[in-house]
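Accompanying notes for the structure given below.
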Amino acid sequence: MLVVAVSLNFALPRLMPGSPLALIAGVEVGEMTAEERAAVTADAGLDRPLVVQYLSYWKSILTLDFGYSFRQGTPIEELVLDRVPWTLLLTLTALVVSGVIGIALGAFAAWRRGGKWDVSSLAVMIALESTPQFWLGMLFIALFSVSLGWLPSFGATTAGADLTGLAWLADVAEHAVLPVLTLSILSIPAVYLSMRYSTLSVLGEDYIRTAQAKGLRPRTVMLHHVVRTALLPVTTVLALRLGWAFGGTVVIETVFSYPGLGRLMYDAVSARDYPVMQATFLVFTIAVLLANLLADSLYPRLDPRVRV
Amino acid sequence: MTTTVSTEPAPGPAGPAPVVRRGRRLRDHTTALGAVGGVIVLALVTVAVLAPVLAPYDPAERAGTPFSPPSPDHLLGTNDVGQDLLSEMIYGTRVSLTVGIVAAAAAMLIGTVVGLIGGYFPRLGAVAMRGVDVVLILPFLPLLIVLAAYLGRSIVNTVIIIAILIWAPTARVIRSQVLSLAGRDYIVAARSMGAGHAYVLWRHVLPKTMLLAIGEFVAAASGAILLESSLSFLGLGDPLQESWGSTLYWAQARGAFLTPAWKWWVLPPGLLIMLSALGFALLGYALEQRINPRLRRS
């Protein structure tokens, strides 16, 4: 899978119409003479046979050498590594928040299946899934930052403030609240729907009827017998959600000017800084693949029924 | 006029109302939700079709003072170059709905063809499903952005990119339906009577998957509208076709959400995006509950 993804990343700019020169080296081809063009082509290694290009592409990825950003003149891997912690902070926190809320709401809705709560929460979840995430972020800024003045709307830390220790942590937390809130709210529906579905299918199992027949209180049955089992498939959804959240940061971090990977990608696209764009895309892809791998390897440990 | 006092119970359900089964109640709600979705979609399509009649101004015209708040002349105020925001919203309906519907239709077409072939010819299907896996696993939004950056900004490219990204789930659903159809007796009978693959697919398999495909199409339209808005918001949409997303792009670029202008510049386009995505989603949800054999049981 990884091989396919990397190969795709290699192939995309070369398959697109027009000269790959503009897309790979990011130069304005139209303004150059033929000699200049040849020089840049040779420089970027585009005159070599495709197979050689492909192999050297792999080599550069395996050695974490993504080349230089020609807008900023810094090595790309440095730029990327700078941004990763911020994006991890946002996505992981949002994952925990949306996981807890989504699981609780989903289990409750399934318990009251067909009731008022179930139907209305389902409708709310469908509405949330239809909400454009960047717009929700903009509204939060208008509301919480501008109108109420509670929270900062910009960046990951207060610019210029030289904070250390706890004060720095508080500052970081303050800046992360709104982006995390936006990301979490929009992640809840997927968790909710899978938890609801999974709880419903567990509720139909024989051992639940046995537990009820023993005369256990519904609450006990729900918490000890149903939810514990129903949680299992949801862990997979959560792991997959992590990959989704990584991609979602592109718009969220743009709205909040948050210095994470998504913002890096957006800036790279706006500046036509294609090497940086490709590198961030690759990092996102690898993150998604890792999340999948994690889900696949975690699941048999949690659920002995699928162990071979 | 005679009034007959009847001792017979009124026609209809006899005796006290039977205990409504919970599943039944959910199904009624499903129908209601679907109806709401249908009304929303219909209303938006009407606005899109009647845009020239409904819009007070040409959306490209500099009709008023830049940054003016709502007034009787401009119900939603004006943007940074003095264009009427209400007219922009109304014309934006055309762009957003067109992109959503065309992209979803294209995705349905690709998905149905891949699903049909994938389900009917199992060997080929295994290969095709690997392709589906690749599309499903790649990070969605980043891939969208990379493709948009490479292909360039035009409405046709937007449609193509979105279609490329959303056909995979349809292919999966259709394939599993075709897989269960392919082994049925009447298909085997048709084959043994000498019917060709193309004939069987067209005559016997396709009609049975059409409903499913339509359900998938409606659900996909919801996603496509949201994707279009994200793309336009990031400044990667067609610069000449103002959609709701591009209105928000300019609002963001001009910092409209830092001023009171967010109420008439940021709120309406977002609500419209949400409303249209919601309309299609509700409709799709209701259709799915009816059509999908796996869900109908419960």
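In the structure tokens, each chain is lettered A, B, ... as it comes, each chain's residues begin at 1, and ligands are numbered from 1 in order of appearance.
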Restrict the distance test to only C-alpha atoms, flag each residue of chain B within 8 Å of chain A, and return the flagged residues as a ChimeraX atom specification. /B:22-23,25-26,29,33,134,137-143,145-146,149-151,222-223,226,229-230,234,248,252,257-259,262,266-267,270,273-275,277-278,281-282
Exercise: region 106-110 of chain A partners within 7 Å, only C-alpha atoms, chain neighbours under 2 positions left out, as JSON, numbers by chain: {"A": [102, 103, 104, 112, 113, 117, 118, 192, 193, 195, 196, 199, 200, 227]}
Have a look at CA of Trp58 (chain A) and CA of Pro75 (chain A) and let me know their distance in Å, one decimal.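 Separation of CA of Trp58 (chain A) and CA of Pro75 (chain A): 17.4 Å.
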Measure the distance from CA of Gly284 (chain B) to CA of Val124 (chain A) in Å and round it to one decimal. 15.5 Å
Quick one: everything within 10 Å of Leu298 (chain A), counting only C-alpha atoms, minus sequence neighbours fewer than 4 positions away in the same chain. Send it as a PyMOL selection string. chain A and resi 235-236+239+292-294+302-303
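Of the residues under consideration (B:Arg94, B:Arg254, B:Arg191, B:Lys208), B:Lys208 shows the shortest atom-to-atom contact distance to Val178 (chain B) when counting only C-alpha atoms.
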Nearby residues (only C-alpha atoms) at most 12 Å from region 123-133 of chain B, same-chain spacing under 3 positions excluded, as a ChimeraX atom specification: /A:1,4-5,289,292 /B:110-111,113-120,136-139,164-176,178-179
